Amino acid sequence: MPEVVIPIGPQHPALKEPVNFRIIADGEKIVRLELNLSYNHRGIEKAAEQRNFIRVLPLLERVCGICSHSHATCFAKGIEEIMGLEIPPRARYIRTIIAELERMHSHLLWLGVAAHEIGFNTLFMWTWRDREAVQDTLEEMSGNRVHYNMNEIGGVRCDLTPAQIEAALLRLPNLEERIKKYREMVDSEETLLIRFRGVGSMSREEALNYGAVGPTARASGVDYDVRRDDPYLAYAEVPWNVVTDTRGDVYGRTRVRIGELWESSQIVRFCLENIPRGPIRVDAPKNAPKGEILSRYEAPRGELAHYIRTNGTDKVERIDIRTPTLANWTSVAVCLVNKNLADIPVIVAAIDPCLSCTSRMVVVNNERRTNGAGAPGVQITSDPKNRQNRM
Amino acid sequence: MSVLLEMIQNLLSRPVTILYPREKVPVPDTFRGRVAISDDKCIGCSKCSLICPAQVIRMIEGPRDVEFKGKNIARKKRPQVKLFQCIRCGLCERHCPTGAIHLAPEFGGSGTDREVVIT
């Protein structure tokens with residue numbers, strides 16, 4: 001059968017964000033996937049270079065609407081390291097609590113989206129209902145459901161009151177109960193098992209080869225988590241486990257995320273119960289010394305990296321953000337080869353893609369293609385207009 | 001089976017949604033809503049204007065005598081905020097020495113006129 005090209009997007013009713021897929025199919029089987037990213041380039045990195053360290057944090061939070069705390073913390077952590085600042089233990093715990101609550105709401109959101117993609121909208125409603133409890137906790141602690149703005153260089157903006165801690169602890173048992181139920185559902189519900197098992201399989205070697213990160217890689221047996229392997233905030237002091245799975249398919253990724261939901265709830269519980277007393281911030285100098293750093297952070301979708309270069313002023317000279325979705329795109333393109341067309345939505349959703357985050361980041365250098373971008377059957381390009389902007 | 005049980009439980013329980021406008025969701029004390037300015041407290045130091053990440057606070061003429069830490073100050077300027085361009089990050093509130101500018105618990109609102117200001 002001759003190959004046909006099926007273009008989807010950048011504007012398409014099934015897409016939540018603009019991206020262009022060119023699927024080359026032979027009948028029902030996918031031969032190759034060509035991705036065209038970067039329709040949402042917002043120039044955040046350039047804008048960040050023009051703002052001082054206080055004003056840049058709210059901007060960096062807006063890189064992503066789901067993992068806003070991840071970006072701000074990753075940046076603050078890097079700048080604090082360049083400045084040689086050590087933030088107070090209470091601030092570390094507060095940052096950890098917000099980070100894990102963020103992971104919980106992100107994974108609950110993902111579980112709902114994955115269920116929606118397979119037409120199981122009932123589960124979608126349930127997970128999003130339970131996500132509200134996490135969102136309410138975040139709102140009570142920070143004053144906002146999405147952009148918490150808890151970070152500042154040297155600590156956190158506001159403290160947690162005993163009443164807030166108590167309210168959060170009161171919500172946790174119900175959430176833990178719900179997480180257990182979801183684990184049970186995913187393991188026993190036929191609708192989920194049929195559509196998740198064996199779909200989008202990726203071996204450990206492939207995951208390593210194509211640079212997959214986060215739950216996508218951990219579901220393929222890659223035992224790697226920045227929180228454990230390069231500890232930051234309070235993770236070294238909190239008892240928790242890295243969740244991995246060996247299946248490598250969408251089912252494995254679902255199990256990893258539900259396992260992480262449980263671990264996050266336990267981290268939040270531990271931090272709330274054992275939060276140290278003391279100040280929540282130290283005075284940070286206005287300027288950062290000349291230096292460069294690669295700040296790593298385990299965002300809900302995987303390893304997030306901020307490359308920061310400072311030049312002795314109160315602004316960064318250069319910031320480069322590598323979001324986890326970018327690292328996972330190649331692996332998803334590999335997963336799709338030889339699969340059915342109908343599996344595309346769930347395989348793409350399984351990496352929890354965030355396209356606006358990724359849109360600042362694609363760098364294409366055709367002469368130096370040595371990684372997954374050059375793998376057979378995979379082609380990732382950026383929008384030519386944006387590519388020129390970056391060069 | 002777990003899904004069926006969940007469905008039955010949901011059928012027998014109250015809806016999770018509320019009957020707005022008869023019921024309203026409680027707003028937490030920490031909520032960052034519409035920006036508000038207490039003119040009698042403002043000493044015109046311009047810190048809010050300098051710190052604002054969205055650069056929507058402009059200092060305008062506003063002479064007034066105000067008291068700050070037991071001293072009388074002849075203030076020259078006061079802040080003016082572009083309401084719908086404000087991102088409600090709370091940095092102005094955090095850096096204001098007198099608590100004059102703050103984020104009130106009222107809903108921030110939205111509008112198409114980017115030039116709407118409050119003083």
# chains A, B, ... in the order shown; residues from 1 in each chain; ligands from 1
call {"tool": "interface_residues", "arguments": {"of": "chain A", "to": "chain B", "cutoff": "6 Å", "atoms": "only C-alpha atoms", "output": "list in words"}}
result
Arg55, Glu140, Gly143 and Met185 of chain A
call {"tool": "residues_around", "arguments": {"residues": "Glu61 in chain A", "least_positions_apart": "2", "cutoff": "10 Å", "atoms": "only C-alpha atoms", "output": "PyMOL selection string"}}
result
chain A and resi 56-59+63-73+75+146-149+151
call {"tool": "closest_atom_pairs", "arguments": {"of": "range 100-212 of chain A", "to": "range 328-350 of chain A", "cutoff": "10 Å", "atoms": "only C-alpha atoms", "output": "JSON lines"}}
result
{"residue": "A:Trp110", "atom": "CA", "partner": "A:Ala349", "partner_atom": "CA", "distance": 8.0}
{"residue": "A:Leu111", "atom": "CA", "partner": "A:Ala350", "partner_atom": "CA", "distance": 9.1}
{"residue": "A:Val113", "atom": "CA", "partner": "A:Ala349", "partner_atom": "CA", "distance": 7.3}
{"residue": "A:Ala114", "atom": "CA", "partner": "A:Ala349", "partner_atom": "CA", "distance": 6.1}
{"residue": "A:Ala115", "atom": "CA", "partner": "A:Val346", "partner_atom": "CA", "distance": 8.7}
{"residue": "A:His116", "atom": "CA", "partner": "A:Val346", "partner_atom": "CA", "distance": 9.1}
{"residue": "A:Glu117", "atom": "CA", "partner": "A:Val346", "partner_atom": "CA", "distance": 5.7}
{"residue": "A:Ile118", "atom": "CA", "partner": "A:Val346", "partner_atom": "CA", "distance": 6.7}
{"residue": "A:Arg195", "atom": "CA", "partner": "A:Val346", "partner_atom": "CA", "distance": 8.3}
{"residue": "A:Phe196", "atom": "CA", "partner": "A:Val346", "partner_atom": "CA", "distance": 8.1}
{"residue": "A:Val199", "atom": "CA", "partner": "A:Ile347", "partner_atom": "CA", "distance": 7.1}
{"residue": "A:Gly200", "atom": "CA", "partner": "A:Cys335", "partner_atom": "CA", "distance": 5.0}
{"residue": "A:Ser201", "atom": "CA", "partner": "A:Cys335", "partner_atom": "CA", "distance": 6.2}
{"residue": "A:Met202", "atom": "CA", "partner": "A:Cys335", "partner_atom": "CA", "distance": 6.1}
{"residue": "A:Ser203", "atom": "CA", "partner": "A:Cys335", "partner_atom": "CA", "distance": 9.5}
{"residue": "A:Glu206", "atom": "CA", "partner": "A:Ser331", "partner_atom": "CA", "distance": 7.5}
{"residue": "A:Ala207", "atom": "CA", "partner": "A:Ser331", "partner_atom": "CA", "distance": 6.6}
{"residue": "A:Leu208", "atom": "CA", "partner": "A:Ser331", "partner_atom": "CA", "distance": 9.3}
{"residue": "A:Asn209", "atom": "CA", "partner": "A:Ser331", "partner_atom": "CA", "distance": 8.7}
{"residue": "A:Tyr210", "atom": "CA", "partner": "A:Ser331", "partner_atom": "CA", "distance": 5.6}
{"residue": "A:Gly211", "atom": "CA", "partner": "A:Asn328", "partner_atom": "CA", "distance": 7.0}
{"residue": "A:Ala212", "atom": "CA", "partner": "A:Asn328", "partner_atom": "CA", "distance": 4.8}
call {"tool": "write_last_selection", "arguments": {"atoms": "N, CA and C atoms", "output": "JSON list (two decimals), in the first residue's frame"}}
result
[["chain", "number", "residue", "atom", "x", "y", "z"],
["A", 110, "TRP", "N", -3.04, 14.83, 34.52],
["A", 110, "TRP", "CA", -2.62, 13.94, 33.44],
["A", 110, "TRP", "C", -3.50, 12.70, 33.39],
["A", 111, "LEU", "N", -3.79, 12.14, 34.55],
["A", 111, "LEU", "CA", -4.61, 10.92, 34.58],
["A", 111, "LEU", "C", -5.97, 11.20, 33.96],
["A", 113, "VAL", "N", -6.61, 13.55, 31.70],
["A", 113, "VAL", "CA", -6.42, 13.77, 30.25],
["A", 113, "VAL", "C", -6.24, 12.42, 29.55],
["A", 114, "ALA", "N", -5.45, 11.52, 30.14],
["A", 114, "ALA", "CA", -5.24, 10.20, 29.53],
["A", 114, "ALA", "C", -6.56, 9.45, 29.43],
["A", 115, "ALA", "N", -7.39, 9.54, 30.49],
["A", 115, "ALA", "CA", -8.70, 8.88, 30.46],
["A", 115, "ALA", "C", -9.57, 9.50, 29.38],
["A", 116, "HIS", "N", -9.50, 10.81, 29.27],
["A", 116, "HIS", "CA", -10.28, 11.52, 28.24],
["A", 116, "HIS", "C", -9.88, 11.07, 26.84],
["A", 117, "GLU", "N", -8.58, 10.87, 26.65],
["A", 117, "GLU", "CA", -8.08, 10.49, 25.32],
["A", 117, "GLU", "C", -8.58, 9.11, 24.89],
["A", 118, "ILE", "N", -8.86, 8.25, 25.89],
["A", 118, "ILE", "CA", -9.38, 6.93, 25.51],
["A", 118, "ILE", "C", -10.90, 6.89, 25.62],
["A", 195, "ARG", "N", -6.82, -0.28, 26.61],
["A", 195, "ARG", "CA", -6.28, 0.86, 25.85],
["A", 195, "ARG", "C", -4.87, 1.27, 26.31],
["A", 196, "PHE", "N", -4.42, 0.80, 27.46],
["A", 196, "PHE", "CA", -3.11, 1.20, 27.97],
["A", 196, "PHE", "C", -2.04, 0.11, 27.83],
["A", 199, "VAL", "N", 0.52, -0.50, 24.65],
["A", 199, "VAL", "CA", 0.44, 0.64, 23.72],
["A", 199, "VAL", "C", 1.62, 1.57, 23.97],
["A", 200, "GLY", "N", 2.31, 1.93, 22.90],
["A", 200, "GLY", "CA", 3.43, 2.87, 23.01],
["A", 200, "GLY", "C", 4.59, 2.34, 23.80],
["A", 201, "SER", "N", 4.91, 1.07, 23.62],
["A", 201, "SER", "CA", 6.00, 0.46, 24.39],
["A", 201, "SER", "C", 7.36, 1.05, 24.02],
["A", 202, "MET", "N", 8.17, 1.21, 25.03],
["A", 202, "MET", "CA", 9.54, 1.71, 24.80],
["A", 202, "MET", "C", 10.45, 0.95, 25.75],
["A", 203, "SER", "N", 11.51, 0.38, 25.19],
["A", 203, "SER", "CA", 12.43, -0.39, 26.03],
["A", 203, "SER", "C", 13.34, 0.56, 26.81],
["A", 206, "GLU", "N", 15.91, 2.11, 24.52],
["A", 206, "GLU", "CA", 15.36, 3.20, 23.70],
["A", 206, "GLU", "C", 15.18, 4.46, 24.54],
["A", 207, "ALA", "N", 14.69, 4.28, 25.75],
["A", 207, "ALA", "CA", 14.48, 5.44, 26.63],
["A", 207, "ALA", "C", 15.80, 6.16, 26.89],
["A", 208, "LEU", "N", 16.86, 5.38, 27.10],
["A", 208, "LEU", "CA", 18.18, 5.99, 27.35],
["A", 208, "LEU", "C", 18.74, 6.62, 26.08],
["A", 209, "ASN", "N", 18.55, 5.91, 24.98],
["A", 209, "ASN", "CA", 19.06, 6.37, 23.69],
["A", 209, "ASN", "C", 18.47, 7.70, 23.26],
["A", 210, "TYR", "N", 17.15, 7.81, 23.45],
["A", 210, "TYR", "CA", 16.47, 9.00, 22.96],
["A", 210, "TYR", "C", 16.29, 10.06, 24.04],
["A", 211, "GLY", "N", 16.92, 9.85, 25.17],
["A", 211, "GLY", "CA", 16.96, 10.89, 26.21],
["A", 211, "GLY", "C", 15.64, 11.16, 26.88],
["A", 212, "ALA", "N", 14.81, 10.12, 27.04],
["A", 212, "ALA", "CA", 13.53, 10.32, 27.73],
["A", 212, "ALA", "C", 13.80, 10.67, 29.19]]
call {"tool": "closest_residue", "arguments": {"among": "B:Thr119, B:Ser110, B:Gln80, B:Thr98", "to": "Ile43 in chain B", "atoms": "only C-alpha atoms"}}
result
B:Thr98
call {"tool": "closest_residue", "arguments": {"among": "B:Gln85, B:Val25, B:Asp40, B:Thr112", "to": "Pro63 in chain B", "atoms": "only C-alpha atoms"}}
result
B:Asp40
call {"tool": "residues_around", "arguments": {"residues": "Glu93 in chain B", "least_positions_apart": "3", "cutoff": "8 Å", "atoms": "only C-alpha atoms", "output": "PyMOL selection string"}}
result
chain B and resi 48+90+96+99-103
call {"tool": "select_by_dssp", "arguments": {"residues": "range 104-178 of chain A", "states": "helix (DSSP H, G or I)", "output": "number ranges by chain"}}
result
A: 104-117, 121-142, 162-178
call {"tool": "atom_distance", "arguments": {"atom1": "CA of Arg34 in chain B", "atom2": "CA of His95 in chain B"}}
result
17.1 Å
call {"tool": "residues_around", "arguments": {"residues": "range 44-46 of chain B", "least_positions_apart": "4", "cutoff": "9 Å", "atoms": "only C-alpha atoms", "output": "ChimeraX atom specification"}}
result
/B:50-51,57-59,62-63,75-79,96-97
